[in-house]
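Source file: final-v8.csv (CSV, C-alpha atoms and all ligand atoms)
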```csv
chain,number,residue,atom,x,y,z
A,141,MET,CA,88.2,103.5,91.2
A,142,LYS,CA,84.8,104.2,92.6
A,143,ALA,CA,84.3,102.7,96.1
A,144,ALA,CA,81.4,102.4,98.4
A,145,VAL,CA,81.9,102.4,102.2
A,146,ILE,CA,78.8,100.8,103.8
A,147,GLN,CA,77.5,102.5,106.9
A,148,PHE,CA,75.6,100.2,109.3
A,149,PRO,CA,74.0,101.5,112.5
A,150,GLY,CA,77.0,101.2,114.9
A,151,SER,CA,79.8,101.4,112.3
A,152,ASN,CA,82.6,103.4,113.8
A,153,CYS,CA,85.5,103.0,111.3
A,154,ASP,CA,83.5,104.3,108.3
A,155,MET,CA,85.1,107.7,108.4
A,156,ASP,CA,88.6,106.2,108.9
A,157,MET,CA,88.0,104.1,105.8
A,158,MET,CA,86.7,107.1,103.8
A,159,HIS,CA,89.8,109.1,104.9
A,160,ALA,CA,92.2,106.3,103.9
A,161,LEU,CA,90.5,105.8,100.5
A,162,GLN,CA,90.4,109.5,99.8
A,163,ASP,CA,94.1,109.7,100.8
A,164,PHE,CA,94.8,107.3,97.9
A,165,GLY,CA,92.7,109.4,95.5
A,166,VAL,CA,89.8,106.9,95.4
A,167,ASP,CA,86.3,108.3,94.6
A,168,ALA,CA,84.7,107.0,97.8
A,169,THR,CA,81.1,107.4,98.9
A,170,LEU,CA,79.3,106.5,102.1
A,171,VAL,CA,76.4,104.2,101.3
A,172,SER,CA,73.6,103.4,103.8
A,173,HIS,CA,73.0,99.7,104.9
A,174,ASN,CA,69.4,100.4,103.7
A,175,ALA,CA,70.5,101.0,100.1
A,176,THR,CA,69.9,98.2,97.6
A,177,ASP,CA,72.1,99.0,94.6
A,178,LEU,CA,75.9,99.0,94.4
A,179,SER,CA,76.2,98.7,90.6
A,180,ASP,CA,77.9,102.1,90.3
A,181,TYR,CA,80.9,100.9,92.4
A,182,ASP,CA,84.1,99.0,91.5
A,183,ALA,CA,84.9,98.1,95.1
A,184,ILE,CA,82.9,97.7,98.3
A,185,PHE,CA,84.3,98.3,101.8
A,186,LEU,CA,82.6,97.1,105.0
A,187,PRO,CA,84.2,99.0,107.8
A,188,GLY,CA,84.8,98.2,111.5
A,189,GLY,CA,82.4,98.9,114.4
A,190,PHE,CA,79.6,97.5,116.4
A,191,SER,CA,76.8,97.1,113.8
A,192,PHE,CA,73.5,96.8,115.6
A,193,GLY,CA,75.4,96.9,118.9
A,194,ASP,CA,77.0,93.5,118.3
A,195,TYR,CA,73.7,92.0,119.7
A,196,LEU,CA,73.4,88.2,119.4
A,197,ARG,CA,76.8,88.0,117.8
A,198,SER,CA,78.9,90.5,115.8
A,199,GLY,CA,77.5,90.9,112.3
A,200,ALA,CA,74.6,88.5,113.0
A,201,ILE,CA,72.0,91.2,112.5
A,202,ALA,CA,73.9,93.3,109.9
A,203,ARG,CA,73.8,90.4,107.5
A,204,PHE,CA,70.1,90.9,107.1
A,205,SER,CA,70.5,94.6,106.0
A,206,PRO,CA,69.0,95.3,102.6
A,207,ILE,CA,72.5,96.2,101.2
A,208,MET,CA,73.8,92.6,101.7
A,209,ASP,CA,71.9,91.4,98.6
A,210,ALA,CA,73.8,94.0,96.6
A,211,VAL,CA,77.1,93.0,98.2
A,212,LYS,CA,76.4,89.4,97.1
A,213,GLN,CA,75.6,90.6,93.6
A,214,ALA,CA,78.9,92.5,93.6
A,215,ASP,CA,80.7,89.3,94.7
A,216,GLU,CA,79.0,87.4,91.8
A,217,ALA,CA,80.2,90.1,89.5
A,218,GLY,CA,83.8,89.5,90.8
A,219,LYS,CA,84.1,93.0,92.3
A,220,THR,CA,86.6,93.8,95.1
A,221,ILE,CA,85.0,93.5,98.5
A,222,VAL,CA,86.9,94.2,101.7
A,223,GLY,CA,85.6,93.6,105.3
A,224,ILE,CA,87.7,95.0,108.1
A,225,CYS,CA,87.0,93.8,111.6
A,226,ASN,CA,83.2,94.1,112.0
A,227,GLY,CA,83.2,94.0,108.2
A,228,PHE,CA,84.9,90.6,108.3
A,229,GLN,CA,82.4,89.5,110.9
A,230,ILE,CA,79.5,90.5,108.7
A,231,LEU,CA,81.0,88.8,105.6
A,232,THR,CA,81.4,85.5,107.5
A,233,GLU,CA,77.8,85.8,108.9
A,234,ALA,CA,76.6,86.5,105.3
A,235,GLY,CA,78.4,83.4,104.0
A,236,LEU,CA,80.6,85.4,101.7
A,237,LEU,CA,83.6,84.1,103.6
A,238,PRO,CA,84.0,80.7,105.4
A,239,GLY,CA,84.3,80.4,109.2
A,240,GLN,CA,83.1,82.5,112.1
A,241,LEU,CA,84.4,85.2,114.4
A,242,MET,CA,84.0,84.3,118.1
A,243,GLN,CA,84.7,85.9,121.4
A,244,ASN,CA,88.4,86.2,122.1
A,245,GLU,CA,90.0,83.3,123.8
A,246,HIS,CA,90.6,85.5,126.8
A,247,PRO,CA,87.3,87.4,126.9
A,248,GLY,CA,87.5,91.2,126.8
A,249,PHE,CA,88.2,93.9,124.3
A,250,LEU,CA,91.7,93.7,122.8
A,251,CYS,CA,93.2,97.0,121.6
A,252,ASP,CA,96.9,96.7,120.6
A,253,GLU,CA,99.4,96.5,117.7
A,254,VAL,CA,100.1,93.0,116.5
A,255,LYS,CA,102.8,91.6,114.2
A,256,LEU,CA,101.5,89.7,111.2
A,257,ASN,CA,103.0,87.4,108.6
A,258,ILE,CA,101.8,87.9,105.0
A,259,THR,CA,101.2,84.3,104.1
A,260,ASN,CA,100.1,84.9,100.6
A,261,ALA,CA,101.7,87.9,98.8
A,262,ASP,CA,100.1,86.9,95.5
A,263,THR,CA,96.6,88.4,96.1
A,264,GLU,CA,95.0,91.6,94.9
A,265,PHE,CA,95.2,92.8,98.6
A,266,SER,CA,98.8,91.9,99.4
A,267,ARG,CA,100.9,92.0,96.2
A,268,ALA,CA,102.5,95.4,96.9
A,269,TYR,CA,104.1,94.3,100.2
A,270,PRO,CA,107.9,93.9,99.8
A,271,THR,CA,108.2,92.1,103.2
A,272,ASN,CA,106.3,89.3,104.8
A,273,GLU,CA,106.2,90.8,108.3
A,274,ILE,CA,104.1,93.8,109.1
A,275,THR,CA,102.5,95.4,112.2
A,276,LEU,CA,98.9,96.6,112.3
A,277,PRO,CA,96.4,97.7,115.0
A,278,VAL,CA,93.7,95.4,116.3
A,279,ALA,CA,90.6,96.4,118.3
A,280,HIS,CA,88.1,93.7,118.9
A,281,GLY,CA,86.2,91.6,121.4
A,282,GLU,CA,85.1,88.9,119.0
A,283,GLY,CA,88.1,88.4,116.8
A,284,ARG,CA,88.8,84.7,117.3
A,285,TYR,CA,88.5,83.2,113.8
A,286,TYR,CA,87.1,79.7,114.0
A,287,ALA,CA,86.6,77.2,111.2
A,288,ASP,CA,86.5,73.4,111.3
A,289,GLN,CA,89.6,71.4,110.3
A,290,ALA,CA,88.3,70.6,106.8
A,291,THR,CA,87.7,74.3,106.1
A,292,ILE,CA,91.1,75.2,107.5
A,293,ALA,CA,92.7,72.6,105.3
A,294,ASP,CA,90.8,74.0,102.3
A,295,LEU,CA,91.9,77.5,103.1
A,296,GLU,CA,95.6,76.4,103.3
A,297,LYS,CA,95.3,74.3,100.1
A,298,ASN,CA,93.7,77.1,98.1
A,299,GLN,CA,96.1,79.7,99.6
A,300,GLN,CA,93.2,81.8,100.9
A,301,ILE,CA,95.0,82.8,104.1
A,302,VAL,CA,96.6,86.2,103.6
A,303,PHE,CA,97.5,87.3,107.1
A,304,LYS,CA,98.5,85.2,110.2
A,305,TYR,CA,99.2,86.5,113.7
A,306,ARG,CA,102.9,85.9,114.6
A,307,THR,CA,101.7,85.7,118.2
A,308,ASN,CA,98.1,84.4,118.3
A,309,VAL,CA,96.5,87.2,120.3
A,310,ASN,CA,92.9,85.9,120.4
A,311,GLY,CA,92.9,82.1,119.9
A,312,SER,CA,92.1,82.1,116.2
A,313,SER,CA,92.3,78.8,114.4
A,314,ASP,CA,95.6,78.3,112.5
A,315,ASP,CA,96.6,81.9,113.7
A,316,ILE,CA,94.4,83.3,111.0
A,317,ALA,CA,94.0,87.1,110.9
A,318,GLY,CA,92.7,87.5,107.3
A,319,ILE,CA,91.4,85.4,104.5
A,320,THR,CA,90.0,85.7,101.0
A,321,ASN,CA,87.3,83.7,99.4
A,322,GLN,CA,88.3,81.0,96.9
A,323,LYS,CA,87.9,83.3,93.9
A,324,GLY,CA,90.2,85.8,95.6
A,325,ASN,CA,88.0,89.0,95.2
A,326,VAL,CA,86.7,89.1,98.8
A,327,LEU,CA,89.0,89.8,101.7
A,328,GLY,CA,88.1,89.8,105.4
A,329,MET,CA,90.6,90.7,108.1
A,330,MET,CA,90.5,91.6,111.8
A,331,PRO,CA,93.5,94.0,111.9
A,332,HIS,CA,92.9,97.6,110.8
A,333,PRO,CA,95.0,98.7,107.8
A,334,GLU,CA,93.0,101.9,107.4
A,335,ARG,CA,94.4,103.0,110.8
A,336,ALA,CA,98.0,102.6,109.7
A,337,ILE,CA,98.5,104.8,106.7
A,338,GLU,CA,100.1,107.9,108.2
A,339,ALA,CA,103.6,108.3,109.6
A,340,ILE,CA,102.3,111.0,112.0
A,341,LEU,CA,100.2,108.2,113.6
A,342,GLY,CA,103.2,106.0,114.0
A,343,ASN,CA,102.5,103.2,111.4
A,344,THR,CA,102.2,103.1,107.7
A,345,ASP,CA,102.1,99.3,107.3
A,346,GLY,CA,98.5,99.5,106.0
A,347,ARG,CA,99.4,101.6,102.9
A,348,LYS,CA,100.5,98.6,100.8
A,349,LEU,CA,97.1,97.0,101.2
A,350,PHE,CA,95.5,100.0,99.5
A,351,GLU,CA,98.3,100.2,96.9
A,352,SER,CA,97.7,96.5,96.1
A,353,ILE,CA,94.0,97.0,95.6
A,354,LEU,CA,94.6,100.1,93.4
A,355,ASP,CA,97.2,98.3,91.3
A,356,ASN,CA,94.5,96.6,89.2
A,401,LIG,N1,86.8,97.6,115.5
A,401,LIG,C1,85.9,96.7,115.3
A,401,LIG,O1,85.2,96.5,114.2
A,401,LIG,C2,85.7,95.7,116.5
A,401,LIG,C3,84.3,95.6,116.9
A,401,LIG,C4,83.8,94.2,116.9
A,401,LIG,N2,82.4,94.1,116.7
A,401,LIG,C5,84.3,93.4,118.1
A,401,LIG,O2,84.5,92.3,118.0
A,401,LIG,O3,84.4,93.9,119.2
```

As structure tokens, what does this structure read like?
Ligand SMILES: NC(=O)CC[C@H](N)C(=O)O
Amino acid sequence: MKAAVIQFPGSNCDMDMMHALQDFGVDATLVSHNATDLSDYDAIFLPGGFSFGDYLRSGAIARFSPIMDAVKQADEAGKTIVGICNGFQILTEAGLLPGQLMQNEHPGFLCDEVKLNITNADTEFSRAYPTNEITLPVAHGEGRYYADQATIADLEKNQQIVFKYRTNVNGSSDDIAGITNQKGNVLGMMPHPERAIEAILGNTDGRKLFESILDN
């Protein structure tokens, strides 16, 4: 698999994502947010961070980066697209995923490990998980997923919700921690699987997400 990791000004999990992908033998390349062509890549990863300083709202400026037209073309081509944390925020701002990430219910930066339920184990991002309860790190100030009731009902009906918080740490609608688009090729999630792939760091629950993606 050839993967692009998009680097926005203020990305800070780009190298973590590169490290994780390379650990799985993926041919991964850092691609500038100013680039305009992603046709060489099978999968696109939008990493965590504070793109453009989180000014206005997380992801609200990054969605205008030149690369986002290419990300939309990749979506139209059905390629795998993953947004982690700030990447999720950018994908919702760009309209590639429904809803919005808002300031945490209790304002402030939340840095912790959280327990999650895998609510759909039949996606290209979750199918390798043998259990439905995992633990992943979170690190965000604007991680509260919000969507109106009709959108939440659609997400539930279409089985687009992949991860839910077992304890709702940020006030997200319907306990949502990660969703796909309706087609199932785009994933956005606030927790960080790329920070949970090595036993020496105390958590390997992120590994199955990468294994799921690679098992195409
Ligand atoms: N690790 C991240 O991507 C979190 C940063 C994010 N922009 C926030 O809500 O604070």

Excluding A:Gly150 and any residue of its chain fewer than 4 positions from it, enumerate the residues within 12 Å of it, using all atoms listed in the file, and give them as a PyMOL selection string. chain A and resi 146+154+172-173+187-195+198-199+201-202+226-227

Keeping only C-alpha atoms, write the selected residues as a JSON list (two decimals), in the frame of the given file.
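As written to disk, result-v7.json reads:
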```
[["chain", "number", "residue", "atom", "x", "y", "z"],
["A", 146, "ILE", "CA", 78.80, 100.80, 103.80],
["A", 154, "ASP", "CA", 83.50, 104.30, 108.30],
["A", 172, "SER", "CA", 73.60, 103.40, 103.80],
["A", 173, "HIS", "CA", 73.00, 99.70, 104.90],
["A", 187, "PRO", "CA", 84.20, 99.00, 107.80],
["A", 188, "GLY", "CA", 84.80, 98.20, 111.50],
["A", 189, "GLY", "CA", 82.40, 98.90, 114.40],
["A", 190, "PHE", "CA", 79.60, 97.50, 116.40],
["A", 191, "SER", "CA", 76.80, 97.10, 113.80],
["A", 192, "PHE", "CA", 73.50, 96.80, 115.60],
["A", 193, "GLY", "CA", 75.40, 96.90, 118.90],
["A", 194, "ASP", "CA", 77.00, 93.50, 118.30],
["A", 195, "TYR", "CA", 73.70, 92.00, 119.70],
["A", 198, "SER", "CA", 78.90, 90.50, 115.80],
["A", 199, "GLY", "CA", 77.50, 90.90, 112.30],
["A", 201, "ILE", "CA", 72.00, 91.20, 112.50],
["A", 202, "ALA", "CA", 73.90, 93.30, 109.90],
["A", 226, "ASN", "CA", 83.20, 94.10, 112.00],
["A", 227, "GLY", "CA", 83.20, 94.00, 108.20]]
```

Fewer than 3 positions away in the same chain doesn't count, so skip those; otherwise give me all residues within 10 Å of stretch 341-346 of chain A, counting all atoms listed in the file, as a PyMOL selection string. chain A and resi 160+253+269+273-277+331-338+349-351

May I ask which of the residues A:Val309, A:Ile207, A:Val222, A:Met330 is the closest one to ligand LIG 401 (chain A), counting all atoms listed in the file?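 When distances to ligand LIG 401 (chain A) are compared using all atoms listed in the file, the smallest one comes from A:Met330.
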
For A:Ala210, which residue out of A:Ala144, A:Ser151, A:Gln240, A:Gln229 is the nearest one, using only C-alpha atoms?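 Looking at the shortest contact to A:Ala210, the residue is A:Ala144.
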
Could you give me, as a list of chain:residue names, the residues within 9 Å of A:Glu245, counting only C-alpha atoms and dropping anything in the same chain fewer than 2 positions from it?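 Counting only C-alpha atoms, the residues come to A:Met242, A:Gln243, A:Pro247, A:Gly248, A:Glu282, A:Gly283, A:Arg284, A:Val309, A:Asn310, A:Gly311, A:Ser312.
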
Between atom O3 of ligand LIG 401 (chain A) and atom CA of A:Cys251, what distance in Å does the model show, to one decimal? 9.6 Å

Selected residue of minimal separation from A:Val166 among A:Cys153, A:Leu186, A:Ala293, A:Val145, counting only C-alpha atoms: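 Answer, going by the shortest atom-to-atom distance: A:Val145.
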
Two-atom distance - atom CA of A:Ser205, atom CA of A:Ile353 (Å):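 It comes out at 25.8 Å.
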